[in-house]
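Engineer: CSV, C-alpha atoms, saved as query_5.csv, coming up:
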chain,number,residue,atom,x,y,z
A,1,MET,CA,101.1,87.2,90.9
A,2,ASP,CA,104.0,84.9,90.2
A,3,LEU,CA,107.2,85.5,92.2
A,4,VAL,CA,110.1,86.1,89.7
A,5,PHE,CA,112.8,86.9,92.2
A,6,SER,CA,113.3,88.0,95.9
A,7,THR,CA,116.3,88.8,98.0
A,8,ASP,CA,114.5,87.6,101.2
A,9,ALA,CA,116.0,84.2,101.4
A,10,LEU,CA,119.6,85.3,100.6
A,11,ASP,CA,122.4,86.3,102.9
A,12,ARG,CA,122.5,90.1,103.1
A,13,ALA,CA,126.0,90.2,101.7
A,14,LYS,CA,124.9,88.3,98.5
A,15,ARG,CA,121.6,90.1,97.8
A,16,TYR,CA,122.8,93.0,95.6
A,17,ALA,CA,125.0,90.8,93.4
A,18,ALA,CA,122.2,88.3,93.0
A,19,TRP,CA,119.7,91.0,92.1
A,20,ARG,CA,122.0,92.5,89.6
A,21,ASP,CA,122.8,89.2,88.0
A,22,ALA,CA,119.3,87.8,87.9
A,23,ILE,CA,117.2,90.9,87.3
A,24,CYS,CA,119.3,93.7,85.8
A,25,ASP,CA,121.4,91.6,83.4
A,26,VAL,CA,118.8,89.1,82.4
A,27,TYR,CA,115.2,90.1,83.2
A,28,VAL,CA,115.0,93.8,82.3
A,29,HIS,CA,118.4,94.5,80.7
A,30,VAL,CA,119.6,97.6,82.6
A,31,ASN,CA,122.6,98.9,84.5
A,32,VAL,CA,122.1,99.5,88.2
A,33,LYS,CA,124.1,101.3,90.9
A,34,ALA,CA,122.7,101.0,94.4
A,35,ASP,CA,123.4,103.6,97.0
A,36,ASP,CA,123.9,101.0,99.8
A,37,PRO,CA,124.7,97.6,98.2
A,38,ASP,CA,125.4,96.0,101.5
A,39,ASN,CA,121.8,96.6,102.6
A,40,TYR,CA,119.8,95.7,99.5
A,41,ASP,CA,116.2,94.5,99.4
A,42,GLY,CA,114.1,93.7,96.4
A,43,PHE,CA,111.5,91.5,94.8
A,44,ILE,CA,109.6,91.2,91.5
A,45,ARG,CA,106.2,89.6,90.9
A,46,GLU,CA,104.7,89.2,87.5
A,47,THR,CA,101.4,88.4,85.8
A,48,GLN,CA,100.0,88.7,82.3
A,49,PHE,CA,96.8,90.3,81.0
A,50,GLY,CA,96.8,89.4,77.3
A,51,ASN,CA,99.4,91.7,75.7
A,52,VAL,CA,99.9,93.7,78.9
A,53,ALA,CA,102.5,92.4,81.4
A,54,MET,CA,102.1,93.6,85.0
A,55,THR,CA,104.9,93.5,87.5
A,56,GLU,CA,105.0,94.6,91.2
A,57,CYS,CA,108.4,95.3,92.4
A,58,LEU,CA,110.4,96.5,95.4
A,59,VAL,CA,113.8,98.1,94.9
A,60,SER,CA,116.3,99.8,97.2
A,61,GLN,CA,117.6,103.3,96.6
A,62,GLN,CA,119.5,103.2,93.3
A,63,LEU,CA,120.1,104.5,89.8
A,64,ILE,CA,118.7,102.4,87.0
A,65,SER,CA,119.9,103.1,83.4
A,66,ARG,CA,118.9,101.6,80.1
A,67,ARG,CA,121.3,102.3,77.2
A,68,LYS,CA,121.5,101.4,73.5
A,69,THR,CA,123.4,98.2,74.3
A,70,HIS,CA,120.5,97.0,76.4
A,71,LEU,CA,117.9,98.0,73.8
A,72,SER,CA,119.6,95.7,71.3
A,73,LYS,CA,118.5,92.8,73.6
A,74,LEU,CA,114.8,93.7,73.6
A,75,ASP,CA,112.6,91.8,71.3
A,76,LYS,CA,109.6,94.1,71.6
A,77,ASP,CA,108.7,97.8,71.2
A,78,CYS,CA,106.8,98.9,74.3
A,79,TYR,CA,105.9,101.5,76.9
A,80,TYR,CA,106.1,101.4,80.7
A,81,VAL,CA,103.3,102.8,82.9
A,82,GLN,CA,104.5,103.3,86.4
A,83,PHE,CA,102.3,103.6,89.5
A,84,ILE,CA,104.3,104.0,92.7
A,85,GLN,CA,103.0,102.8,96.1
A,86,THR,CA,105.9,104.0,98.3
A,87,GLY,CA,109.1,106.0,97.7
A,88,SER,CA,109.6,108.1,94.6
A,89,VAL,CA,111.4,108.1,91.2
A,90,ASN,CA,112.9,110.7,89.0
A,91,VAL,CA,112.5,109.7,85.4
A,92,LEU,CA,114.9,111.1,82.7
A,93,GLN,CA,114.3,110.4,79.0
A,94,SER,CA,115.0,112.3,75.8
A,95,GLY,CA,116.1,115.4,77.7
A,96,ASP,CA,113.0,115.5,79.8
A,97,SER,CA,112.9,115.0,83.6
A,98,PHE,CA,110.0,114.5,85.9
A,99,HIS,CA,109.3,113.3,89.4
A,100,THR,CA,106.9,110.5,90.2
A,101,SER,CA,105.5,109.4,93.5
A,102,ALA,CA,102.4,107.9,95.0
A,103,GLY,CA,100.4,110.9,93.7
A,104,VAL,CA,101.9,111.0,90.2
A,105,GLY,CA,101.8,108.2,87.6
A,106,ALA,CA,104.2,108.1,84.7
A,107,LEU,CA,104.4,106.9,81.1
A,108,PHE,CA,107.7,106.4,79.4
A,109,CYS,CA,109.1,104.4,76.5
A,110,ALA,CA,110.9,101.2,77.4
A,111,SER,CA,112.5,100.9,74.0
A,112,GLU,CA,114.3,104.3,74.3
A,113,PRO,CA,117.2,105.1,76.6
A,114,TYR,CA,116.2,106.3,80.1
A,115,ASP,CA,117.4,106.8,83.7
A,116,LEU,CA,115.4,106.1,86.8
A,117,GLN,CA,116.6,107.6,90.1
A,118,CYS,CA,114.9,105.6,92.8
A,119,ILE,CA,114.7,107.6,96.0
A,120,GLY,CA,114.2,105.5,99.2
A,121,LYS,CA,112.8,102.0,98.9
A,122,VAL,CA,110.4,102.1,96.0
A,123,ARG,CA,107.5,99.8,95.7
A,124,SER,CA,105.6,100.1,92.5
A,125,TYR,CA,103.5,98.6,89.7
A,126,TYR,CA,104.9,98.6,86.1
A,127,LEU,CA,102.7,97.8,83.1
A,128,GLU,CA,104.5,96.8,80.0
A,129,ILE,CA,102.3,97.8,77.0
A,130,PRO,CA,102.9,97.2,73.3
A,131,ARG,CA,103.7,100.5,71.7
A,132,GLU,CA,101.6,100.1,68.5
A,133,ALA,CA,98.5,98.8,70.3
A,134,PHE,CA,98.7,101.5,72.9
A,135,GLY,CA,99.4,104.3,70.4
A,136,SER,CA,96.3,103.4,68.4
A,137,ARG,CA,94.1,104.4,71.3
A,138,PHE,CA,95.2,108.0,71.2
A,139,ALA,CA,93.5,110.6,69.0
A,140,ASN,CA,96.6,111.3,66.9
A,141,GLY,CA,97.5,107.6,66.6
A,142,GLN,CA,100.5,107.6,68.9
A,143,ALA,CA,101.2,107.9,72.6
A,144,PRO,CA,103.5,110.6,74.0
A,145,LEU,CA,107.1,109.5,74.5
A,146,ALA,CA,106.8,110.4,78.2
A,147,ALA,CA,104.0,111.9,80.3
A,148,THR,CA,102.7,112.1,83.9
A,149,MET,CA,99.3,112.3,85.4
A,150,SER,CA,97.8,112.8,88.8
A,151,THR,CA,96.6,109.6,90.4
A,152,GLY,CA,94.8,111.2,93.3
A,153,ARG,CA,91.5,112.0,91.5
A,154,GLY,CA,89.6,111.6,88.3
A,155,LEU,CA,90.7,109.2,85.6
A,156,GLY,CA,94.1,108.9,87.1
A,157,ARG,CA,92.7,107.5,90.3
A,158,VAL,CA,90.4,105.2,88.3
A,159,ALA,CA,93.4,103.9,86.4
A,160,VAL,CA,95.6,103.1,89.4
A,161,GLU,CA,92.7,101.5,91.3
A,162,PHE,CA,91.9,99.3,88.2
A,163,CYS,CA,95.6,98.3,88.1
A,164,SER,CA,95.6,97.5,91.9
A,165,THR,CA,92.4,95.4,91.5
A,166,LEU,CA,93.8,93.4,88.7
A,167,ALA,CA,97.0,92.7,90.6
A,168,GLY,CA,95.0,91.4,93.6
A,169,GLN,CA,92.2,89.5,91.7
A,170,GLY,CA,93.7,88.6,88.3
A,171,ASP,CA,95.1,85.2,89.3
A,172,ALA,CA,91.6,83.8,89.8
A,173,LEU,CA,90.6,84.6,86.2
A,174,ASP,CA,90.9,82.4,83.1
A,175,THR,CA,93.1,83.4,80.1
A,176,PRO,CA,90.4,84.9,77.9
A,177,ALA,CA,89.1,87.1,80.7
A,178,ARG,CA,92.6,88.3,81.5
A,179,ALA,CA,93.2,89.2,77.9
A,180,LYS,CA,90.0,91.2,77.7
A,181,LEU,CA,90.8,93.0,80.9
A,182,GLY,CA,94.3,93.8,79.4
A,183,GLU,CA,92.6,95.5,76.5
A,184,GLU,CA,90.3,97.4,78.8
A,185,LEU,CA,93.2,98.5,80.9
A,186,MET,CA,94.9,100.0,77.9
A,187,ASP,CA,91.7,101.9,77.0
A,188,VAL,CA,91.6,103.4,80.5
A,189,LEU,CA,95.3,104.3,80.6
A,190,ALA,CA,95.2,105.9,77.2
A,191,LEU,CA,92.2,108.0,78.1
A,192,ALA,CA,93.7,109.0,81.4
A,193,PHE,CA,97.0,110.1,79.9
A,194,GLU,CA,95.4,111.8,76.9
A,195,THR,CA,93.1,113.9,79.1
A,196,ALA,CA,95.6,114.5,82.0
A,197,HIS,CA,97.0,117.8,80.5
A,198,ARG,CA,93.6,119.1,79.5
A,199,ASP,CA,91.0,118.1,82.2
A,200,GLU,CA,93.2,117.4,85.2
A,201,PRO,CA,96.0,120.0,85.4
A,202,MET,CA,98.8,119.3,87.8
A,203,THR,CA,98.7,122.4,89.9
A,204,GLU,CA,101.8,123.3,91.9
A,205,GLN,CA,99.9,122.5,95.2
A,206,VAL,CA,99.0,119.0,93.9
A,207,VAL,CA,102.6,118.4,93.0
A,208,GLN,CA,103.9,119.6,96.3
A,209,LYS,CA,101.4,117.5,98.3
A,210,ALA,CA,102.4,114.4,96.3
A,211,ARG,CA,106.1,115.2,96.9
A,212,LEU,CA,105.5,115.7,100.6
A,213,ARG,CA,103.9,112.3,100.9
A,214,SER,CA,106.9,110.8,99.2
A,215,VAL,CA,109.4,112.6,101.4
A,216,LYS,CA,107.5,111.6,104.6
A,217,ALA,CA,107.6,107.9,103.4
A,218,TRP,CA,111.4,108.2,103.1
A,219,ILE,CA,111.8,109.8,106.5
A,220,GLU,CA,109.7,107.0,108.1
A,221,ASP,CA,112.1,104.5,106.7
A,222,HIS,CA,115.0,106.4,108.3
A,223,LEU,CA,113.2,107.8,111.4
A,224,CYS,CA,115.4,106.0,114.0
A,225,ASP,CA,118.7,107.1,112.4
A,226,GLN,CA,120.3,109.6,114.8
A,227,SER,CA,122.2,111.2,111.8
A,228,LEU,CA,118.9,112.1,110.2
A,229,SER,CA,118.8,115.8,109.3
A,230,PRO,CA,117.0,118.2,106.9
A,231,GLU,CA,120.2,118.4,104.8
A,232,LEU,CA,120.4,114.6,104.5
A,233,ILE,CA,116.6,114.3,103.7
A,234,ALA,CA,116.9,117.0,101.0
A,235,LYS,CA,120.0,115.4,99.4
A,236,SER,CA,118.6,111.8,99.5
A,237,ASN,CA,115.3,112.9,97.9
A,238,GLY,CA,116.9,115.0,95.2
A,239,ILE,CA,115.5,118.3,96.3
A,240,SER,CA,116.9,121.5,97.7
A,241,LEU,CA,116.9,122.3,101.4
A,242,ARG,CA,114.7,125.3,100.7
A,243,TYR,CA,112.2,123.3,98.8
A,244,LEU,CA,112.1,120.7,101.7
A,245,HIS,CA,111.1,123.5,104.1
A,246,THR,CA,108.5,124.8,101.6
A,247,LEU,CA,106.9,121.3,101.5
A,248,PHE,CA,106.5,121.1,105.3
A,249,ARG,CA,105.1,124.7,105.5
A,250,LEU,CA,102.0,123.2,103.7
A,251,GLU,CA,101.2,121.6,107.1
A,252,GLY,CA,102.2,124.7,109.2
A,253,GLN,CA,105.3,123.1,110.8
A,254,SER,CA,109.0,122.5,110.3
A,255,VAL,CA,110.5,119.3,109.1
A,256,SER,CA,112.5,119.0,112.3
A,257,ASN,CA,109.3,119.3,114.5
A,258,TRP,CA,107.6,116.7,112.4
A,259,ILE,CA,110.5,114.3,112.8
A,260,TRP,CA,110.6,114.8,116.6
A,261,THR,CA,106.8,114.3,116.8
A,262,ARG,CA,106.9,111.1,114.9
A,263,ARG,CA,109.8,109.8,117.0
A,264,ILE,CA,107.9,110.6,120.2
A,265,GLU,CA,104.8,108.8,118.8
A,266,LEU,CA,106.9,105.8,117.9
A,267,GLY,CA,108.4,105.8,121.4
A,268,HIS,CA,105.0,106.0,123.0
A,269,ASP,CA,103.8,103.0,120.9
A,270,MET,CA,106.9,101.0,121.9
A,271,LEU,CA,106.3,101.6,125.6
A,272,LEU,CA,102.6,100.6,125.4
A,273,ARG,CA,103.3,97.6,123.2
A,274,SER,CA,106.4,96.1,124.8
A,275,GLY,CA,105.9,96.9,128.4
A,276,HIS,CA,109.4,98.3,128.9
A,277,ASN,CA,110.4,98.9,132.5
A,278,ALA,CA,111.9,102.2,133.8
A,279,ARG,CA,115.5,101.0,133.2
A,280,SER,CA,114.8,100.6,129.5
A,281,LEU,CA,113.6,104.2,128.9
A,282,THR,CA,117.0,105.2,127.8
A,283,GLU,CA,117.1,102.2,125.4
A,284,VAL,CA,113.7,103.3,123.9
A,285,ALA,CA,115.0,106.9,123.5
A,286,TYR,CA,118.0,105.7,121.5
A,287,ARG,CA,116.0,103.2,119.5
A,288,VAL,CA,113.7,106.0,118.2
A,289,GLY,CA,116.5,108.4,117.3
A,290,PHE,CA,117.1,110.5,120.4
A,291,SER,CA,120.6,111.0,121.7
A,292,SER,CA,119.6,111.4,125.3
A,293,SER,CA,116.8,110.1,127.5
A,294,SER,CA,116.3,113.6,129.0
A,295,HIS,CA,115.5,115.1,125.6
A,296,PHE,CA,113.1,112.2,125.0
A,297,SER,CA,111.3,112.8,128.3
A,298,THR,CA,111.0,116.5,127.7
A,299,ARG,CA,109.4,116.1,124.3
A,300,PHE,CA,107.3,113.2,125.5
A,301,ARG,CA,105.8,115.4,128.3
A,302,ARG,CA,105.2,118.2,125.9
A,303,ARG,CA,103.4,115.9,123.4
A,304,PHE,CA,101.4,113.7,125.8
A,305,GLY,CA,101.3,115.6,129.1
A,306,ILE,CA,102.8,112.7,131.0
A,307,ARG,CA,106.2,111.3,131.7
A,308,PRO,CA,107.4,108.1,129.9
A,309,SER,CA,107.7,106.4,133.2
A,310,ASP,CA,104.0,107.0,133.9
A,311,ILE,CA,103.2,104.5,131.2
A,312,THR,CA,105.3,101.7,132.7
A,313,ARG,CA,104.0,102.4,136.2
A,314,GLY,CA,100.4,102.1,135.1
A,315,ARG,CA,99.4,105.7,136.0
A,316,LEU,CA,97.7,106.7,132.8
A,317,SER,CA,94.5,108.7,133.4
Show how you would write the structure in this file as structure tokens.
Structural biologist:
Amino acid sequence: MDLVFSTDALDRAKRYAAWRDAICDVYVHVNVKADDPDNYDGFIRETQFGNVAMTECLVSQQLISRRKTHLSKLDKDCYYVQFIQTGSVNVLQSGDSFHTSAGVGALFCASEPYDLQCIGKVRSYYLEIPREAFGSRFANGQAPLAATMSTGRGLGRVAVEFCSTLAGQGDALDTPARAKLGEELMDVLALAFETAHRDEPMTEQVVQKARLRSVKAWIEDHLCDQSLSPELIAKSNGISLRYLHTLFRLEGQSVSNWIWTRRIELGHDMLLRSGHNARSLTEVAYRVGFSSSSHFSTRFRRRFGIRPSDITRGRLS
């Protein structure tokens, strides 16, 4: 895929402004409001399969809005199909709102106003598909304005894996082959979305498991932040504190216990990988989000049955 833009080579202080100027104002025509503009990361890669444009992008936590003023700049009538790899997005269009994540793909109209609430750092594929050509593949001659489908099984999984394969292998193909694959991709996507509500119902448990994966991915990105709390997690992921606890009950544990376990595992990996000496145990504890080395040691012994210093002294059994 061809790189359109990346913040990697820019000074951190200039990244958000550069992203907004190059991408939001020119490339996709949207408004954007980042939660933390001083720590912005993003990239866009693009490739073409006939009439289907595919982009892979990374964006930081933000709100993206397309309004009527932006639509006047579009020279095409099209849909977006969204497949998320990490993070999650709340999609709002025409009064409807739905949550998308690594387990839930989305279809929405690019040539109608919408809002995208990006939660955490979101890495995803977007397919830009001509509205008329895509609609003709549905039984009633038009695609729904907005829809979701499970990508964990059945046709949804076939669709997302097809998309991923094209992203990785498409550059090696000639133009006629790419155009044909674009037509086949539209066939698969139309079939997947048309049958999603009938053959692959999104049960509440499926939705909760997909949501839990998304929340865990966000926590992993903020694991070493000492201010991390259930309240902050719920707020940052657009859910209630009660629902957050409900999600972690699926695994028979509390959100706090999961966080402490992951921090201990990270600390264990740091000790093994870096060869820290005994004096640096406090440093390791702070790096993985603990406020004291004693708390770190207590939970470390409870998890692994040994003291952190046993690793540095070479007394692993």
Engineer: One decimal, Å: what's the distance from CA of Leu127 in chain A over to CA of Val32 in chain A, could you say?
Structural biologist: 20.1 Å
Engineer: Which one of A:His70, A:Arg12, A:Arg123, A:Arg302 sits closest to Arg45 in chain A if you count all atoms listed in the file?
Structural biologist: A:Arg123
Engineer: So which residues fall inside 12 Å of (114.3, 91.2, 83.6) if we count only C-alpha atoms? Mind giving them as a list in words?
Structural biologist: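 The requested residues, written out, are Val4, Phe5, Trp19, Arg20, Asp21, Ala22, Ile23, Cys24, Asp25, Val26, Tyr27, Val28, His29, Val30, Asn31, Phe43, Ile44, Arg45, Glu46, Thr55, Cys57, Arg66, His70, Lys73, Leu74 and Glu128 of chain A.
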Engineer: Env of range 207-224 of chain A: 10 Å cut, atoms = only C-alpha atoms, seq-sep filter 3 positions within chain, self excluded. Answer as a PDB file with C-alpha atoms, in the frame of the given file.
Structural biologist:
ATOM      1  CA  ILE A  84     104.300 104.000  92.700  1.00  0.00           C
ATOM      2  CA  GLN A  85     103.000 102.800  96.100  1.00  0.00           C
ATOM      3  CA  THR A  86     105.900 104.000  98.300  1.00  0.00           C
ATOM      4  CA  GLY A  87     109.100 106.000  97.700  1.00  0.00           C
ATOM      5  CA  SER A  88     109.600 108.100  94.600  1.00  0.00           C
ATOM      6  CA  VAL A  89     111.400 108.100  91.200  1.00  0.00           C
ATOM      7  CA  HIS A  99     109.300 113.300  89.400  1.00  0.00           C
ATOM      8  CA  THR A 100     106.900 110.500  90.200  1.00  0.00           C
ATOM      9  CA  SER A 101     105.500 109.400  93.500  1.00  0.00           C
ATOM     10  CA  ALA A 102     102.400 107.900  95.000  1.00  0.00           C
ATOM     11  CA  GLY A 103     100.400 110.900  93.700  1.00  0.00           C
ATOM     12  CA  VAL A 104     101.900 111.000  90.200  1.00  0.00           C
ATOM     13  CA  ILE A 119     114.700 107.600  96.000  1.00  0.00           C
ATOM     14  CA  GLY A 120     114.200 105.500  99.200  1.00  0.00           C
ATOM     15  CA  LYS A 121     112.800 102.000  98.900  1.00  0.00           C
ATOM     16  CA  VAL A 122     110.400 102.100  96.000  1.00  0.00           C
ATOM     17  CA  SER A 150      97.800 112.800  88.800  1.00  0.00           C
ATOM     18  CA  THR A 151      96.600 109.600  90.400  1.00  0.00           C
ATOM     19  CA  GLY A 152      94.800 111.200  93.300  1.00  0.00           C
ATOM     20  CA  MET A 202      98.800 119.300  87.800  1.00  0.00           C
ATOM     21  CA  THR A 203      98.700 122.400  89.900  1.00  0.00           C
ATOM     22  CA  GLU A 204     101.800 123.300  91.900  1.00  0.00           C
ATOM     23  CA  SER A 227     122.200 111.200 111.800  1.00  0.00           C
ATOM     24  CA  LEU A 228     118.900 112.100 110.200  1.00  0.00           C
ATOM     25  CA  SER A 229     118.800 115.800 109.300  1.00  0.00           C
ATOM     26  CA  PRO A 230     117.000 118.200 106.900  1.00  0.00           C
ATOM     27  CA  ILE A 233     116.600 114.300 103.700  1.00  0.00           C
ATOM     28  CA  ALA A 234     116.900 117.000 101.000  1.00  0.00           C
ATOM     29  CA  SER A 236     118.600 111.800  99.500  1.00  0.00           C
ATOM     30  CA  ASN A 237     115.300 112.900  97.900  1.00  0.00           C
ATOM     31  CA  ILE A 239     115.500 118.300  96.300  1.00  0.00           C
ATOM     32  CA  TYR A 243     112.200 123.300  98.800  1.00  0.00           C
ATOM     33  CA  LEU A 244     112.100 120.700 101.700  1.00  0.00           C
ATOM     34  CA  THR A 246     108.500 124.800 101.600  1.00  0.00           C
ATOM     35  CA  LEU A 247     106.900 121.300 101.500  1.00  0.00           C
ATOM     36  CA  PHE A 248     106.500 121.100 105.300  1.00  0.00           C
ATOM     37  CA  LEU A 250     102.000 123.200 103.700  1.00  0.00           C
ATOM     38  CA  GLU A 251     101.200 121.600 107.100  1.00  0.00           C
ATOM     39  CA  VAL A 255     110.500 119.300 109.100  1.00  0.00           C
ATOM     40  CA  TRP A 258     107.600 116.700 112.400  1.00  0.00           C
ATOM     41  CA  ILE A 259     110.500 114.300 112.800  1.00  0.00           C
ATOM     42  CA  TRP A 260     110.600 114.800 116.600  1.00  0.00           C
ATOM     43  CA  ARG A 262     106.900 111.100 114.900  1.00  0.00           C
ATOM     44  CA  ARG A 263     109.800 109.800 117.000  1.00  0.00           C
ATOM     45  CA  LEU A 266     106.900 105.800 117.900  1.00  0.00           C
ATOM     46  CA  ALA A 285     115.000 106.900 123.500  1.00  0.00           C
ATOM     47  CA  TYR A 286     118.000 105.700 121.500  1.00  0.00           C
ATOM     48  CA  ARG A 287     116.000 103.200 119.500  1.00  0.00           C
ATOM     49  CA  VAL A 288     113.700 106.000 118.200  1.00  0.00           C
ATOM     50  CA  GLY A 289     116.500 108.400 117.300  1.00  0.00           C
ATOM     51  CA  PHE A 290     117.100 110.500 120.400  1.00  0.00           C
TER      52      PHE A 290
END
Engineer: List as a PyMOL selection string the protein and nucleic acid residues near Ser297 in chain A, meaning an atom at most 10 Å away when all atoms listed in the file are counted, but skip any in the same chain fewer than 2 places from it.
Structural biologist: chain A and resi 264+281-282+285+292-295+299-303+306-309
Engineer: Tell me, in Å to one decimal, how far CA of Leu116 in chain A is from CA of Gln93 in chain A.
Structural biologist: 9.0 Å
Engineer: In Å, with one decimal, what is the gap from CA of Ala167 in chain A to CA of Ala143 in chain A?
Structural biologist: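 That distance, rounded to one decimal, is 23.9 Å.
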Engineer: Using only C-alpha atoms, which of A:Glu194, A:Glu183, A:Ser124, A:Ser164 sits nearest Gln142 in chain A?
Structural biologist: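 Among A:Glu194, A:Glu183, A:Ser124, A:Ser164, it is A:Glu194 that comes nearest to Gln142 in chain A.
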Engineer: Name the residues in contact with Ala139 in chain A at a cut-off of 12 Å, using only C-alpha atoms, excluding same-chain residues fewer than 5 positions from it; report them as a list in words.
Structural biologist: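 So, after excluding close chain neighbours, the residues are Phe134, Pro144, Asp187, Ala190, Leu191, Phe193, Glu194 and Thr195 of chain A.
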Engineer: Output the selection as an mmCIF file, in the coordinates of the input - C-alpha atoms for each residue.
Structural biologist:
data_model
loop_
_atom_site.group_PDB
_atom_site.id
_atom_site.type_symbol
_atom_site.label_atom_id
_atom_site.label_comp_id
_atom_site.auth_asym_id
_atom_site.auth_seq_id
_atom_site.Cartn_x
_atom_site.Cartn_y
_atom_site.Cartn_z
ATOM 1 C CA PHE A 134 98.700 101.500 72.900
ATOM 2 C CA PRO A 144 103.500 110.600 74.000
ATOM 3 C CA ASP A 187 91.700 101.900 77.000
ATOM 4 C CA ALA A 190 95.200 105.900 77.200
ATOM 5 C CA LEU A 191 92.200 108.000 78.100
ATOM 6 C CA PHE A 193 97.000 110.100 79.900
ATOM 7 C CA GLU A 194 95.400 111.800 76.900
ATOM 8 C CA THR A 195 93.100 113.900 79.100
#
Engineer: I'd like to know which of A:Gln117, A:Leu107, A:Cys78, A:Phe296 is closest to Asp35 in chain A, using all atoms listed in the file.
Structural biologist: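 Result for the nearest residue to Asp35 in chain A: A:Gln117.
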